[in-house]
Amino acid sequence: MQVWTVANQKGGVGKTTTTVTLGGILADRGNRVLLLDLDPQSSLSCYFGYDPDSLQRSSLNLFTEERLSSRYLQSLIVSTSSPNLDLLPSSMSLATVERSVNSNGMGLKVSRALTLLRPHYDFVLIDSPPVLGALMINAMAACDQLLVPVQTEYLAMKGTERMIRTIAMVEKSLGTTLHYTLVPTLYDRRTQASVGTLRQLRQAYPTRIWPSMIPIDTRFRDASKAGQTPSRYNASSRGVRAYQSLLKSLALQNDQRLMA
Amino acid sequence: MSNEKPELDIEKPGAVLQGYLDDLLTVSTSLNMVAGLDYVAEREPPASATAVVLEPEREVRRYQDANRPHWAQQQFDAIIICSGGHHFAVPLQELASLSLLDEFESQLFTETTSALVVSERATGRFRIAHLGRLLLLEDYQGAIDERQAYLLSLNGENWGLAVASVSDRLSIDPDAVHWRMDRGKNPWLAGTLFESQYPLLDLRQLQPMLKRLSS
Ligand SMILES: Nc1ncnc2c1ncn2[C@@H]1O[C@H](COP(=O)(O)OP(=O)(O)OP(=O)(O)O)[C@@H](O)[C@H]1O
Ligand SMILES: [Mg+2]
């Protein structure tokens with residue numbers, strides 16, 4: 001089982017879209033995939049039609065339940081519109097985690113819980129909130145691969161610097177290195193902001209950045225309205241093809257890491 | 001992957017943040033230690049070396065009883081510790097970690113008869129109470145050379161308890177405890193285990209005693 005976390009403390013950069021699209025493609029290919037929603041805003045859960053206000057159980061239970069077991073975790077998981085693609089939804093009350101935390105080792109709760117699901121999934125993809133706090137840290141500490149979507153617009157450089165500083169600090173606390181990849185998103189080749197920012201990002205982080213980018217594609221929004229993963233909604237759209245190519249390059253990277 | 005991280009400027013605001021992250025991610029205070037009793041396994045290997053979260057499921061029976069703390073509403077785990085020549089049962093759920101007490105901090109207790117010492121740690125002031133002295137006061141039976149070797153720390157607290165030894169781990173049925181109806185002058189005493197007669201501690205109730213001692 002591999003755990004991929006999608007995180008950036010900046011909002012609206014395409015975290016949820018990246019999670020749902022990559023998860024969908026992996027599931028289409030026959031992998032058993034779990035999407036874990038760690039964002040109290042619950043966009044990912046809403047995507048599949050779950051109402052974060054009415055859910056009895058959610059990812060909040062990962063933090064509150066004293067005694068987690070594999071069967072208990074499975075009772076938190078719901079299905080989605082795609083076969084092979086499951087969801088551990090979030091609820092608004094998840095926000096209380098940020099307030100209640102001050103305890104040692106609390107940032108490792110999700111990581112610990114996921115070890116119980118190892119036999120059941122090939123991939124777990126975690127969507128995280130745009131806030132540097134306990135939820136995002138839990139998501140980062142749990143992952144084998146960190147994806148950082150970066151919106152190609154004017155303020156991207158500052159936000160990316162901040163995020164990379166956070167990653168360095170998390171690495172220091174964890175005592176390990178995180179394998180992270182910057183993913184340029186919402187790229188619009190007609191705008192100077194997109195073109196210029198992408199160039200700057202590539203200059204600043206030549207080996208960390210995925211060499212291609214995810215273009216603006218209105219079909220992401222259409223797929224979201226339909227409650228379907230983008231690849232099932234329209235497998236040949238530009239956006240989906242871009243994410244497929246991202247997957248290919250991640251697979252390559254992972255192999256290289258195994259060989260190292 | 002190559003490491004081309006740009007020069008990072010982790011300065012003052014960064015230090016606060018780093019402290020927060022360290023706290024969230026520090027593995028030395030993980031529940032693993034408590035669950036596997038890694039540090040007290042000399043006598044016999046723990047039944048299971050896995051973490052709390054990895055335990056097999058057990059039948060959950062619900063108990064509803066107002067006299068019982070929230071952690072005792074169903075079958076719960078406890079460790080048996082010894083301090084001041086007495087055994088006590090401590091519920092695992094209340095513990096953040098069980099670790100070896102720092103050599104120097106252990107030494108502090110042999111140089112004083114106080115129940116409380118304050119240690120300056122990298123993360124700030126940390127208060128450590130000698131459990132035997134704290135609870136037993138004049139009845140304290142522990143020989144002066146009883147070394148407090150282990151530290152119990154609590155979730156979200158900047159204090160911990162020093163104890164001499166940790167001997168056992170039990171799974172306790174709430175019906176096998178004589179619960180105290182009225183905590184009276186010993187609010188920390190939740191009840192007594194039927195079979196062994198060990199007192200069962202309600203750790204959170206020790207906090208007011210610590211406050212009084214340190215003021
Ligand atoms: N490549 C894209 N092309 C067009 N629209 C996109 C693209 N990626 C994301 N969007 C849209 O942009 C909006 C924000 O994206 P998304 O919700 O994925 O960002 P987020 O980082 O998860 O936001 P938040 O920080 O609020 O959780 C959504 O409406 C989404 O449909
Ligand atoms: Mg989102």
# chains A, B, ... in the order shown; residues from 1 in each chain; ligands from 1
>>> residues_near_ligand(ligand="ligand 1", cutoff="6 Å", atoms="only C-alpha atoms and all ligand atoms", output="PDB file with C-alpha atoms, in the first residue's frame")
ATOM      1  CA  GLY A  11      -6.102  27.403  -0.752  1.00  0.00           C
ATOM      2  CA  GLY A  12      -7.723  26.790  -4.101  1.00  0.00           C
ATOM      3  CA  VAL A  13      -4.643  25.427  -5.851  1.00  0.00           C
ATOM      4  CA  GLY A  14      -6.224  22.149  -6.998  1.00  0.00           C
ATOM      5  CA  LYS A  15      -5.591  19.805  -4.055  1.00  0.00           C
ATOM      6  CA  THR A  16      -9.007  18.201  -4.091  1.00  0.00           C
ATOM      7  CA  THR A  17      -9.072  18.022  -7.870  1.00  0.00           C
ATOM      8  CA  PRO A 129      -6.903  21.464   4.318  1.00  0.00           C
ATOM      9  CA  PRO A 130      -5.140  24.657   3.225  1.00  0.00           C
ATOM     10  CA  THR A 185      -1.803  23.494 -11.836  1.00  0.00           C
ATOM     11  CA  LEU A 186      -4.447  25.696 -13.404  1.00  0.00           C
ATOM     12  CA  ILE A 214      -2.008  20.562 -15.417  1.00  0.00           C
ATOM     13  CA  PRO A 215      -3.878  22.921 -17.746  1.00  0.00           C
ATOM     14  CA  ILE A 216      -7.066  24.755 -16.982  1.00  0.00           C
ATOM     15  CA  ASP A 217      -9.868  22.482 -18.085  1.00  0.00           C
ATOM     16  CA  THR A 218     -13.516  23.330 -17.463  1.00  0.00           C
ATOM     17  CA  PHE A 220     -13.054  19.262 -14.024  1.00  0.00           C
ATOM     18  CA  ARG A 221     -15.898  21.388 -12.790  1.00  0.00           C
TER      19      ARG A 221
END
>>> residues_around(residues="Gly24 in chain A", least_positions_apart="3", cutoff="10 Å", atoms="only C-alpha atoms", output="list in words")
Thr18, Thr19, Val20, Thr21, Ala27, Asp28, Arg29, Asn31, Val33, Leu34, Leu35, Ser81, Ser82, Pro83, Asn84, Leu85, Asp86, Gln228, Thr229, Pro230, Ser231, Arg232 and Val240 of chain A
>>> write_last_selection(atoms="N, CA and C atoms", output="PDB file, in the first residue's frame")
ATOM      1  N   THR A  18      -6.780  17.270  -7.666  1.00  0.00           N
ATOM      2  CA  THR A  18      -5.667  16.337  -7.869  1.00  0.00           C
ATOM      3  C   THR A  18      -5.953  15.000  -7.182  1.00  0.00           C
ATOM      4  N   THR A  19      -6.456  15.061  -5.968  1.00  0.00           N
ATOM      5  CA  THR A  19      -6.746  13.836  -5.215  1.00  0.00           C
ATOM      6  C   THR A  19      -7.766  12.980  -5.954  1.00  0.00           C
ATOM      7  N   VAL A  20      -8.847  13.606  -6.359  1.00  0.00           N
ATOM      8  CA  VAL A  20      -9.941  12.844  -6.939  1.00  0.00           C
ATOM      9  C   VAL A  20      -9.565  12.334  -8.341  1.00  0.00           C
ATOM     10  N   THR A  21      -8.816  13.127  -9.068  1.00  0.00           N
ATOM     11  CA  THR A  21      -8.461  12.704 -10.432  1.00  0.00           C
ATOM     12  C   THR A  21      -7.442  11.561 -10.401  1.00  0.00           C
ATOM     13  N   ALA A  27      -7.891   3.881  -9.727  1.00  0.00           N
ATOM     14  CA  ALA A  27      -8.972   2.908  -9.545  1.00  0.00           C
ATOM     15  C   ALA A  27      -9.413   2.328 -10.893  1.00  0.00           C
ATOM     16  N   ASP A  28      -9.496   3.191 -11.917  1.00  0.00           N
ATOM     17  CA  ASP A  28      -9.857   2.703 -13.258  1.00  0.00           C
ATOM     18  C   ASP A  28      -8.913   1.584 -13.694  1.00  0.00           C
ATOM     19  N   ARG A  29      -7.670   1.681 -13.263  1.00  0.00           N
ATOM     20  CA  ARG A  29      -6.681   0.688 -13.677  1.00  0.00           C
ATOM     21  C   ARG A  29      -6.703  -0.562 -12.802  1.00  0.00           C
ATOM     22  N   ASN A  31      -6.623  -0.723  -9.404  1.00  0.00           N
ATOM     23  CA  ASN A  31      -6.067  -0.636  -8.050  1.00  0.00           C
ATOM     24  C   ASN A  31      -7.189  -0.426  -7.041  1.00  0.00           C
ATOM     25  N   VAL A  33      -8.344   1.650  -4.220  1.00  0.00           N
ATOM     26  CA  VAL A  33      -7.930   2.995  -3.813  1.00  0.00           C
ATOM     27  C   VAL A  33      -8.855   3.536  -2.723  1.00  0.00           C
ATOM     28  N   LEU A  34      -8.250   4.131  -1.719  1.00  0.00           N
ATOM     29  CA  LEU A  34      -9.019   4.823  -0.694  1.00  0.00           C
ATOM     30  C   LEU A  34      -8.679   6.306  -0.738  1.00  0.00           C
ATOM     31  N   LEU A  35      -9.709   7.131  -0.805  1.00  0.00           N
ATOM     32  CA  LEU A  35      -9.509   8.580  -0.671  1.00  0.00           C
ATOM     33  C   LEU A  35      -9.823   8.948   0.772  1.00  0.00           C
ATOM     34  N   SER A  81     -18.935   6.807  -6.622  1.00  0.00           N
ATOM     35  CA  SER A  81     -19.553   6.464  -7.898  1.00  0.00           C
ATOM     36  C   SER A  81     -18.666   5.538  -8.731  1.00  0.00           C
ATOM     37  N   SER A  82     -17.412   5.353  -8.340  1.00  0.00           N
ATOM     38  CA  SER A  82     -16.498   4.490  -9.094  1.00  0.00           C
ATOM     39  C   SER A  82     -16.212   3.201  -8.343  1.00  0.00           C
ATOM     40  N   PRO A  83     -16.207   2.073  -9.070  1.00  0.00           N
ATOM     41  CA  PRO A  83     -15.776   0.841  -8.417  1.00  0.00           C
ATOM     42  C   PRO A  83     -14.303   0.951  -8.037  1.00  0.00           C
ATOM     43  N   ASN A  84     -13.878   0.210  -7.030  1.00  0.00           N
ATOM     44  CA  ASN A  84     -12.481   0.222  -6.555  1.00  0.00           C
ATOM     45  C   ASN A  84     -12.084   1.508  -5.854  1.00  0.00           C
ATOM     46  N   LEU A  85     -12.995   2.463  -5.830  1.00  0.00           N
ATOM     47  CA  LEU A  85     -12.630   3.755  -5.234  1.00  0.00           C
ATOM     48  C   LEU A  85     -13.499   3.993  -3.995  1.00  0.00           C
ATOM     49  N   ASP A  86     -12.872   3.942  -2.825  1.00  0.00           N
ATOM     50  CA  ASP A  86     -13.598   4.160  -1.575  1.00  0.00           C
ATOM     51  C   ASP A  86     -13.239   5.517  -0.987  1.00  0.00           C
ATOM     52  N   GLN A 228     -18.815  12.510 -10.583  1.00  0.00           N
ATOM     53  CA  GLN A 228     -18.003  11.424 -11.129  1.00  0.00           C
ATOM     54  C   GLN A 228     -16.536  11.831 -11.158  1.00  0.00           C
ATOM     55  N   THR A 229     -15.674  10.831 -11.112  1.00  0.00           N
ATOM     56  CA  THR A 229     -14.261  11.178 -11.221  1.00  0.00           C
ATOM     57  C   THR A 229     -14.030  11.722 -12.629  1.00  0.00           C
ATOM     58  N   PRO A 230     -13.090  12.658 -12.791  1.00  0.00           N
ATOM     59  CA  PRO A 230     -12.855  13.240 -14.115  1.00  0.00           C
ATOM     60  C   PRO A 230     -12.578  12.189 -15.182  1.00  0.00           C
ATOM     61  N   SER A 231     -11.848  11.118 -14.825  1.00  0.00           N
ATOM     62  CA  SER A 231     -11.504  10.133 -15.858  1.00  0.00           C
ATOM     63  C   SER A 231     -12.720   9.323 -16.297  1.00  0.00           C
ATOM     64  N   ARG A 232     -13.700   9.157 -15.428  1.00  0.00           N
ATOM     65  CA  ARG A 232     -14.911   8.449 -15.843  1.00  0.00           C
ATOM     66  C   ARG A 232     -15.861   9.390 -16.563  1.00  0.00           C
ATOM     67  N   VAL A 240      -7.447  15.376 -17.799  1.00  0.00           N
ATOM     68  CA  VAL A 240      -7.257  13.979 -17.394  1.00  0.00           C
ATOM     69  C   VAL A 240      -5.968  13.430 -17.989  1.00  0.00           C
TER      70      VAL A 240
END
>>> residues_around(residues="Leu178 in chain A", least_positions_apart="2", cutoff="8 Å", atoms="only C-alpha atoms", output="number ranges by chain")
A: 144-146, 167, 171, 176, 180
>>> write_last_selection(atoms="all heavy atoms", output="short mmCIF file (atom, residue, chain, number, x, y, z; two decimals), in the first residue's frame")
data_model
loop_
_atom_site.label_atom_id
_atom_site.label_comp_id
_atom_site.auth_asym_id
_atom_site.auth_seq_id
_atom_site.Cartn_x
_atom_site.Cartn_y
_atom_site.Cartn_z
N ASP A 144 3.99 8.39 1.75
CA ASP A 144 5.21 7.95 1.08
C ASP A 144 5.58 8.94 0.00
O ASP A 144 6.73 9.05 -0.41
CB ASP A 144 4.97 6.58 0.41
CG ASP A 144 4.46 5.56 1.40
OD1 ASP A 144 5.15 5.31 2.39
OD2 ASP A 144 3.35 5.02 1.19
N GLN A 145 4.57 9.62 -0.49
CA GLN A 145 4.78 10.56 -1.59
C GLN A 145 3.91 11.79 -1.32
O GLN A 145 2.72 11.66 -1.06
CB GLN A 145 4.35 9.90 -2.91
CG GLN A 145 4.24 10.83 -4.08
CD GLN A 145 5.61 11.17 -4.69
OE1 GLN A 145 6.38 10.30 -5.03
NE2 GLN A 145 5.89 12.45 -4.79
N LEU A 146 4.54 12.95 -1.37
CA LEU A 146 3.80 14.19 -1.15
C LEU A 146 3.70 14.95 -2.46
O LEU A 146 4.69 15.17 -3.14
CB LEU A 146 4.55 15.04 -0.11
CG LEU A 146 4.00 16.42 0.23
CD1 LEU A 146 2.62 16.31 0.85
CD2 LEU A 146 4.94 17.14 1.19
N ILE A 167 7.76 21.92 4.76
CA ILE A 167 8.20 20.54 4.50
C ILE A 167 9.53 20.27 5.21
O ILE A 167 9.71 19.24 5.86
CB ILE A 167 8.32 20.28 2.98
CG1 ILE A 167 6.94 20.34 2.33
CG2 ILE A 167 8.99 18.93 2.71
CD1 ILE A 167 6.97 20.27 0.80
N GLU A 171 10.19 17.50 8.04
CA GLU A 171 11.26 16.50 7.88
C GLU A 171 12.16 16.48 9.11
O GLU A 171 12.55 15.43 9.59
CB GLU A 171 12.11 16.83 6.64
CG GLU A 171 11.40 16.55 5.33
CD GLU A 171 12.24 16.91 4.11
OE1 GLU A 171 13.00 17.91 4.17
OE2 GLU A 171 12.14 16.20 3.10
N THR A 176 13.13 12.23 8.96
CA THR A 176 13.25 11.55 7.66
C THR A 176 13.07 12.58 6.55
O THR A 176 12.69 13.71 6.82
CB THR A 176 12.14 10.50 7.44
OG1 THR A 176 10.88 11.16 7.57
CG2 THR A 176 12.22 9.37 8.43
N TYR A 180 8.77 14.70 -2.18
CA TYR A 180 7.70 15.58 -2.64
C TYR A 180 7.93 16.06 -4.07
O TYR A 180 9.06 16.14 -4.54
CB TYR A 180 7.50 16.77 -1.70
CG TYR A 180 8.61 17.77 -1.65
CD1 TYR A 180 8.60 18.88 -2.47
CD2 TYR A 180 9.65 17.62 -0.74
CE1 TYR A 180 9.62 19.81 -2.42
CE2 TYR A 180 10.67 18.55 -0.68
CZ TYR A 180 10.66 19.64 -1.52
OH TYR A 180 11.66 20.57 -1.46
#
>>> residues_around(residues="Lys211 in chain B", least_positions_apart="3", cutoff="12 Å", atoms="only C-alpha atoms", output="PyMOL selection string")
chain B and resi 116+127-129+134+159+205-208+214-215
>>> interface_residues(of="chain A", to="chain B", cutoff="10 Å", atoms="only C-alpha atoms", output="PyMOL selection string")
chain A and resi 65-72+100-109+112-116+132-134+137-138+141+161-162+164-166+168-175+177+179-180+204-208+253-254+256-257+260
>>> closest_residue(among="B:Val90, B:Val117, B:Val16, B:Ile80", to="Trp188 in chain B", atoms="only C-alpha atoms")
B:Val90
>>> select_by_dssp(residues="range 20-84 of chain A", states="helix (DSSP H, G or I)", output="PyMOL selection string")
chain A and resi 20-28+43-47+61-64+70-76
>>> write_last_selection(atoms="N, CA and C atoms", output="PDB file, in the first residue's frame")
ATOM      1  N   VAL A  20      -8.847  13.606  -6.359  1.00  0.00           N
ATOM      2  CA  VAL A  20      -9.941  12.844  -6.939  1.00  0.00           C
ATOM      3  C   VAL A  20      -9.565  12.334  -8.341  1.00  0.00           C
ATOM      4  N   THR A  21      -8.816  13.127  -9.068  1.00  0.00           N
ATOM      5  CA  THR A  21      -8.461  12.704 -10.432  1.00  0.00           C
ATOM      6  C   THR A  21      -7.442  11.561 -10.401  1.00  0.00           C
ATOM      7  N   LEU A  22      -6.385  11.716  -9.606  1.00  0.00           N
ATOM      8  CA  LEU A  22      -5.389  10.643  -9.526  1.00  0.00           C
ATOM      9  C   LEU A  22      -6.010   9.371  -8.947  1.00  0.00           C
ATOM     10  N   GLY A  23      -6.818   9.541  -7.885  1.00  0.00           N
ATOM     11  CA  GLY A  23      -7.470   8.379  -7.277  1.00  0.00           C
ATOM     12  C   GLY A  23      -8.351   7.665  -8.286  1.00  0.00           C
ATOM     13  N   GLY A  24      -9.086   8.456  -9.068  1.00  0.00           N
ATOM     14  CA  GLY A  24      -9.981   7.886 -10.071  1.00  0.00           C
ATOM     15  C   GLY A  24      -9.217   7.105 -11.129  1.00  0.00           C
ATOM     16  N   ILE A  25      -8.124   7.668 -11.609  1.00  0.00           N
ATOM     17  CA  ILE A  25      -7.358   6.980 -12.658  1.00  0.00           C
ATOM     18  C   ILE A  25      -6.758   5.686 -12.104  1.00  0.00           C
ATOM     19  N   LEU A  26      -6.218   5.754 -10.897  1.00  0.00           N
ATOM     20  CA  LEU A  26      -5.630   4.551 -10.294  1.00  0.00           C
ATOM     21  C   LEU A  26      -6.693   3.462 -10.123  1.00  0.00           C
ATOM     22  N   ALA A  27      -7.891   3.881  -9.727  1.00  0.00           N
ATOM     23  CA  ALA A  27      -8.972   2.908  -9.545  1.00  0.00           C
ATOM     24  C   ALA A  27      -9.413   2.328 -10.893  1.00  0.00           C
ATOM     25  N   ASP A  28      -9.496   3.191 -11.917  1.00  0.00           N
ATOM     26  CA  ASP A  28      -9.857   2.703 -13.258  1.00  0.00           C
ATOM     27  C   ASP A  28      -8.913   1.584 -13.694  1.00  0.00           C
ATOM     28  N   SER A  43     -14.639  19.167   0.887  1.00  0.00           N
ATOM     29  CA  SER A  43     -14.930  19.266  -0.553  1.00  0.00           C
ATOM     30  C   SER A  43     -14.917  17.892  -1.221  1.00  0.00           C
ATOM     31  N   LEU A  44     -13.971  17.065  -0.815  1.00  0.00           N
ATOM     32  CA  LEU A  44     -13.856  15.744  -1.425  1.00  0.00           C
ATOM     33  C   LEU A  44     -15.090  14.884  -1.122  1.00  0.00           C
ATOM     34  N   SER A  45     -15.571  14.963   0.107  1.00  0.00           N
ATOM     35  CA  SER A  45     -16.756  14.187   0.480  1.00  0.00           C
ATOM     36  C   SER A  45     -17.989  14.712  -0.259  1.00  0.00           C
ATOM     37  N   CYS A  46     -18.094  16.035  -0.361  1.00  0.00           N
ATOM     38  CA  CYS A  46     -19.212  16.631  -1.095  1.00  0.00           C
ATOM     39  C   CYS A  46     -19.168  16.225  -2.565  1.00  0.00           C
ATOM     40  N   TYR A  47     -17.958  16.111  -3.078  1.00  0.00           N
ATOM     41  CA  TYR A  47     -17.790  15.730  -4.484  1.00  0.00           C
ATOM     42  C   TYR A  47     -18.597  14.479  -4.793  1.00  0.00           C
ATOM     43  N   ASN A  61     -13.160  10.469  13.599  1.00  0.00           N
ATOM     44  CA  ASN A  61     -13.047   9.297  14.471  1.00  0.00           C
ATOM     45  C   ASN A  61     -11.628   8.733  14.523  1.00  0.00           C
ATOM     46  N   LEU A  62     -10.831   9.050  13.524  1.00  0.00           N
ATOM     47  CA  LEU A  62      -9.432   8.605  13.562  1.00  0.00           C
ATOM     48  C   LEU A  62      -8.706   9.237  14.743  1.00  0.00           C
ATOM     49  N   PHE A  63      -9.190  10.420  15.139  1.00  0.00           N
ATOM     50  CA  PHE A  63      -8.530  11.145  16.217  1.00  0.00           C
ATOM     51  C   PHE A  63      -9.180  10.898  17.566  1.00  0.00           C
ATOM     52  N   THR A  64     -10.454  10.581  17.552  1.00  0.00           N
ATOM     53  CA  THR A  64     -11.161  10.479  18.825  1.00  0.00           C
ATOM     54  C   THR A  64     -11.270   9.059  19.343  1.00  0.00           C
ATOM     55  N   SER A  70      -8.912  -2.619  12.454  1.00  0.00           N
ATOM     56  CA  SER A  70      -9.152  -2.634  11.025  1.00  0.00           C
ATOM     57  C   SER A  70     -10.659  -2.628  10.741  1.00  0.00           C
ATOM     58  N   ARG A  71     -11.403  -3.423  11.503  1.00  0.00           N
ATOM     59  CA  ARG A  71     -12.839  -3.495  11.237  1.00  0.00           C
ATOM     60  C   ARG A  71     -13.514  -2.160  11.538  1.00  0.00           C
ATOM     61  N   TYR A  72     -13.067  -1.517  12.607  1.00  0.00           N
ATOM     62  CA  TYR A  72     -13.633  -0.215  12.937  1.00  0.00           C
ATOM     63  C   TYR A  72     -13.370   0.790  11.813  1.00  0.00           C
ATOM     64  N   LEU A  73     -12.132   0.812  11.335  1.00  0.00           N
ATOM     65  CA  LEU A  73     -11.788   1.741  10.253  1.00  0.00           C
ATOM     66  C   LEU A  73     -12.658   1.478   9.027  1.00  0.00           C
ATOM     67  N   GLN A  74     -12.841   0.196   8.733  1.00  0.00           N
ATOM     68  CA  GLN A  74     -13.644  -0.118   7.558  1.00  0.00           C
ATOM     69  C   GLN A  74     -15.093   0.341   7.711  1.00  0.00           C
ATOM     70  N   SER A  75     -15.533   0.423   8.961  1.00  0.00           N
ATOM     71  CA  SER A  75     -16.908   0.888   9.176  1.00  0.00           C
ATOM     72  C   SER A  75     -17.029   2.391   8.911  1.00  0.00           C
ATOM     73  N   LEU A  76     -15.898   3.089   8.818  1.00  0.00           N
ATOM     74  CA  LEU A  76     -15.943   4.534   8.531  1.00  0.00           C
ATOM     75  C   LEU A  76     -15.949   4.812   7.030  1.00  0.00           C
TER      76      LEU A  76
END
>>> atom_distance(atom1="CA of Ala162 in chain B", atom2="CA of His178 in chain B")
25.8 Å
